[in-house]
$ cat structure-v3.txt   # compact mmCIF, C-alpha atoms
# COMPACT_ATOMS: atom_id res chain seq x y z
CA PRO C 1 19.43 3.70 -14.42
CA THR C 2 20.81 1.21 -11.93
CA SER C 3 24.11 -0.65 -12.25
CA LYS C 4 22.70 -3.89 -10.78
CA PRO C 5 19.25 -5.49 -10.76
CA PRO C 6 17.21 -4.35 -7.72
CA VAL C 7 16.92 -7.82 -6.16
CA THR C 8 15.69 -6.60 -2.76
CA VAL C 9 13.02 -4.42 -4.37
CA VAL C 10 11.87 -7.33 -6.55
CA ILE C 11 11.67 -9.64 -3.52
CA LEU C 12 9.67 -7.04 -1.54
CA VAL C 13 7.25 -6.48 -4.43
CA LEU C 14 6.75 -10.20 -5.01
CA LEU C 15 6.34 -10.86 -1.28
CA GLN C 16 3.67 -8.17 -1.02
CA PHE C 17 1.67 -9.57 -3.96
CA VAL C 18 2.04 -13.17 -2.74
CA LEU C 19 0.80 -12.23 0.74
CA PHE C 20 -2.13 -10.32 -0.76
CA ALA C 21 -3.07 -13.35 -2.87
CA ILE C 22 -2.72 -15.78 0.05
CA PHE C 23 -5.04 -13.71 2.22
CA ALA C 24 -7.50 -13.07 -0.63
CA PHE C 25 -7.79 -16.78 -1.40
CA GLY C 26 -7.74 -17.72 2.28
CA VAL C 27 -10.59 -15.39 3.18
CA ASN C 28 -12.69 -16.87 0.37
CA SER C 29 -11.92 -20.47 1.37
CA SER C 30 -13.77 -22.78 3.72
CA LYS C 31 -11.48 -21.52 6.52
CA GLY C 32 -12.24 -17.87 5.83
CA SER C 33 -12.70 -16.95 9.49
CA TYR C 34 -9.20 -18.26 10.31
CA TRP C 35 -7.68 -16.02 7.61
CA ILE C 36 -9.73 -13.01 8.70
CA ASN C 37 -8.57 -13.46 12.31
CA LEU C 38 -4.95 -13.90 11.20
CA TYR C 39 -5.15 -10.77 9.04
CA ALA C 40 -6.69 -8.82 11.94
CA SER C 41 -3.96 -9.98 14.32
CA LEU C 42 -1.23 -8.76 11.94
CA CYS C 43 -2.80 -5.31 11.39
CA LEU C 44 -1.65 -2.30 13.35
CA VAL C 45 -4.51 -1.37 15.69
CA PRO C 46 -3.71 1.85 17.59
CA ALA C 47 -5.69 0.83 20.67
CA HIS C 48 -4.00 -2.60 20.89
CA VAL C 49 -0.50 -2.62 19.43
CA HIS C 50 1.18 -6.04 19.45
CA TRP C 51 4.99 -6.15 19.51
CA TYR C 52 5.11 -7.39 15.90
CA SER C 53 2.33 -5.30 14.32
CA PRO C 54 4.43 -2.13 13.70
CA LEU C 55 6.16 -4.23 11.02
CA THR C 56 3.57 -6.77 9.86
CA TYR C 57 0.93 -4.14 9.01
CA SER C 58 3.17 -2.87 6.20
CA PHE C 59 2.95 -6.22 4.40
CA LEU C 60 -0.86 -6.18 4.34
CA HIS C 61 -3.10 -4.25 1.98
CA GLU C 62 -6.87 -3.98 1.84
CA ARG C 63 -7.24 -3.33 -1.88
CA VAL C 64 -5.26 -4.35 -4.94
CA PHE C 65 -5.12 -0.72 -6.15
CA HIS C 66 -3.49 0.40 -2.89
CA LEU C 67 -1.01 -2.47 -3.12
CA SER C 68 -0.26 -1.82 -6.81
CA ALA C 69 0.30 1.91 -6.28
CA ASN C 70 2.66 1.28 -3.37
CA MET C 71 4.59 -1.36 -5.30
CA LEU C 72 4.87 0.87 -8.37
CA PHE C 73 6.44 3.62 -6.26
CA LEU C 74 8.67 1.05 -4.53
CA TRP C 75 9.86 -0.14 -7.93
CA VAL C 76 10.42 3.36 -9.37
CA PHE C 77 12.18 4.92 -6.38
CA GLY C 78 13.47 1.89 -4.51
CA SER C 79 15.51 0.55 -7.41
CA SER C 80 17.83 3.57 -7.53
CA LEU C 81 18.06 3.73 -3.75
CA GLU C 82 18.94 0.04 -3.46
CA ASP C 83 21.63 0.54 -6.09
CA ALA C 84 23.07 3.56 -4.25
CA LEU C 85 22.78 2.20 -0.69
CA LYS C 86 23.32 -1.52 -1.33
CA TRP C 87 20.72 -4.07 -0.33
CA LYS C 88 21.36 -4.41 3.43
CA LYS C 89 21.20 -0.70 4.14
CA PHE C 90 18.23 -0.25 1.78
CA LEU C 91 16.28 -3.07 3.46
CA SER C 92 17.12 -1.71 6.93
CA ILE C 93 15.88 1.75 5.94
CA TYR C 94 12.73 0.33 4.33
CA LEU C 95 11.80 -1.80 7.34
CA GLY C 96 12.80 0.93 9.81
CA SER C 97 10.66 3.43 7.91
CA ALA C 98 7.70 1.04 8.00
CA ILE C 99 8.03 0.66 11.77
CA LEU C 100 8.61 4.34 12.45
CA THR C 101 5.76 5.59 10.27
CA GLY C 102 3.42 2.96 11.75
CA LEU C 103 4.22 4.04 15.28
CA LEU C 104 3.83 7.68 14.26
CA GLN C 105 0.39 6.92 12.83
CA VAL C 106 -0.55 5.12 16.05
CA ALA C 107 0.53 8.15 18.11
CA ILE C 108 -1.36 10.59 15.89
CA THR C 109 -4.47 8.40 15.95
CA ARG C 110 -4.37 8.15 19.73
CA ILE C 111 -3.98 11.92 20.09
CA THR C 112 -6.56 13.02 17.52
CA HIS C 113 -9.16 10.33 17.05
CA GLY C 114 -9.80 8.54 20.32
CA SER C 115 -12.48 6.03 19.31
CA ASP C 116 -10.83 5.42 15.91
CA GLY C 117 -8.13 3.56 17.78
CA LEU C 118 -9.89 0.31 16.91
CA ILE C 119 -9.66 0.84 13.13
CA PRO C 120 -6.78 -1.26 11.79
CA ILE C 121 -3.95 0.31 9.82
CA VAL C 122 -2.51 -1.58 6.85
CA GLY C 123 -0.22 -0.82 3.93
CA ALA C 124 3.32 0.17 3.08
CA SER C 125 2.50 3.82 2.32
CA GLY C 126 4.61 5.17 5.17
CA ALA C 127 7.68 3.21 4.12
CA ILE C 128 7.13 4.15 0.48
CA SER C 129 6.73 7.84 1.37
CA SER C 130 10.00 7.65 3.29
CA LEU C 131 11.72 6.18 0.24
CA ILE C 132 10.32 8.93 -2.00
CA GLY C 133 11.66 11.52 0.44
CA MET C 134 15.05 9.84 0.57
CA PHE C 135 15.12 9.62 -3.23
CA ALA C 136 14.33 13.34 -3.53
CA VAL C 137 17.09 14.23 -1.08
CA ARG C 138 19.69 11.86 -2.52
CA PHE C 139 18.84 12.43 -6.18
CA TYR C 140 17.50 15.98 -5.94
CA ARG C 141 18.87 16.86 -9.37
CA SER C 142 17.12 13.92 -11.02
CA LYS C 143 14.22 14.42 -13.36
CA ILE C 144 11.57 11.75 -13.53
CA SER C 145 9.51 10.78 -16.56
CA ILE C 146 5.85 10.27 -15.77
CA ILE C 147 3.62 8.53 -18.28
CA GLY C 148 1.35 11.04 -19.97
CA LEU C 149 3.42 14.13 -19.19
CA PRO C 150 5.45 15.71 -21.98
CA ALA C 151 8.28 16.85 -19.68
CA LYS C 152 10.28 15.27 -16.87
CA VAL C 153 9.43 16.30 -13.30
CA PRO C 154 12.23 17.26 -10.86
CA ALA C 155 12.46 14.81 -7.96
CA ILE C 156 12.06 17.59 -5.39
CA THR C 157 8.82 18.71 -7.08
CA LEU C 158 7.52 15.16 -6.86
CA LEU C 159 8.36 15.07 -3.15
CA VAL C 160 6.52 18.33 -2.47
CA LEU C 161 3.54 17.15 -4.52
CA THR C 162 3.45 13.81 -2.68
CA VAL C 163 3.57 15.52 0.73
CA CYS C 164 0.79 17.93 -0.29
CA ILE C 165 -1.41 15.10 -1.54
CA GLU C 166 -0.83 12.97 1.56
CA MET C 167 -1.47 15.92 3.90
CA GLY C 168 -4.53 16.94 1.90
CA MET C 169 -5.99 13.43 2.15
CA THR C 170 -5.26 13.35 5.89
CA ILE C 171 -6.91 16.73 6.49
CA TRP C 172 -9.88 15.71 4.33
CA SER C 173 -10.25 12.51 6.38
CA ILE C 174 -10.13 14.42 9.67
CA VAL C 175 -12.70 16.98 8.44
CA GLN C 176 -15.02 14.20 7.26
CA LYS C 177 -14.79 12.45 10.63
CA MET C 178 -15.44 15.70 12.48
CA GLN C 179 -18.54 16.26 10.37
CA GLY C 180 -19.71 12.74 11.13
CA ASN C 181 -19.48 11.43 7.54
$ encode --input "structure-v3.txt" --output "structure tokens"
Amino acid sequence: PTSKPPVTVVILVLLQFVLFAIFAFGVNSSKGSYWINLYASLCLVPAHVHWYSPLTYSFLHERVFHLSANMLFLWVFGSSLEDALKWKKFLSIYLGSAILTGLLQVAITRITHGSDGLIPIVGASGAISSLIGMFAVRFYRSKISIIGLPAKVPAITLLVLTVCIEMGMTIWSIVQKMQGN
């Protein structure tokens, strides 16, 4: 439980959903091509990285499920971190993590995929993963209730599980691309 409301987390969550809605409605409006071009210019494209895109990509999501999952994890883990770190440090870490993980993904894409450098990267998953890792380190003794499970899960177990799932999905994606699927 937090001692203060997680204002920064709430603002980030609301901002993400508002931006998603603006782009969704914009794309389906009479000026759809404008909104598509704007969205594309804000994405992180490994072959053509703009100075602002290592941050802006993390405020864009392709699907509502991806956005909702990221925001759920931001709410669950970010609230305690914001309370412990205070809002300025929390926001700095969140934004820094978004930039760092975006640049890391660009580097990995350039090294491993070559032609995939034109596929845009969007989403806050890197920043959220960083927060989950920080939560597990800072609150390693914490146990987390997960809907549907009869027992609480240790934070460190959740971290290991998250890393395994993320790495598994990455390896699966690489294998699929190598097989031409």
$ atom_distance --input "structure-v3.txt" --atom1 "atom CA of Ile121 of chain C" --atom2 "atom CA of Cys43 of chain C"
5.9 Å
$ axis_aligned_box --input "structure-v3.txt" --around "segment 25-33 of chain C" --padding-each-side "4 Å" --output "lines of an AutoDock Vina configuration file"
center_x = -10.8
center_y = -19.1
center_z = 4.0
size_x = 14.0
size_y = 15.4
size_z = 18.9
$ residues_around --input "structure-v3.txt" --residues "Pro5 of chain C" --least-positions-apart "3" --cutoff "10 Å" --atoms "all atoms listed in the file" --output "list in words"
Pro1, Thr2, Thr8, Val9, Val10, Ser79, Ser80, Glu82 and Asp83 of chain C
$ residues_around --input "structure-v3.txt" --residues "segment 152-162 of chain C" --least-positions-apart "4" --cutoff "8 Å" --atoms "only C-alpha atoms" --output "number ranges by chain"
C: 129, 132-133, 135-137, 139-146, 166
$ residues_near_point --input "structure-v3.txt" --point "(0.4, 1.5, 13.6)" --cutoff "7 Å" --atoms "only C-alpha atoms" --output "count of residues only"
9
$ atom_distance --input "structure-v3.txt" --atom1 "atom CA of Cys164 of chain C" --atom2 "atom CA of Ile119 of chain C"
24.1 Å
$ atom_distance --input "structure-v3.txt" --atom1 "atom CA of Trp51 of chain C" --atom2 "atom CA of Thr101 of chain C"
15.0 Å
$ closest_residue --input "structure-v3.txt" --among "C:Ala151, C:Ala47, C:Ile128, C:Val18" --to "Gly78 of chain C" --atoms "all atoms listed in the file"
C:Ile128
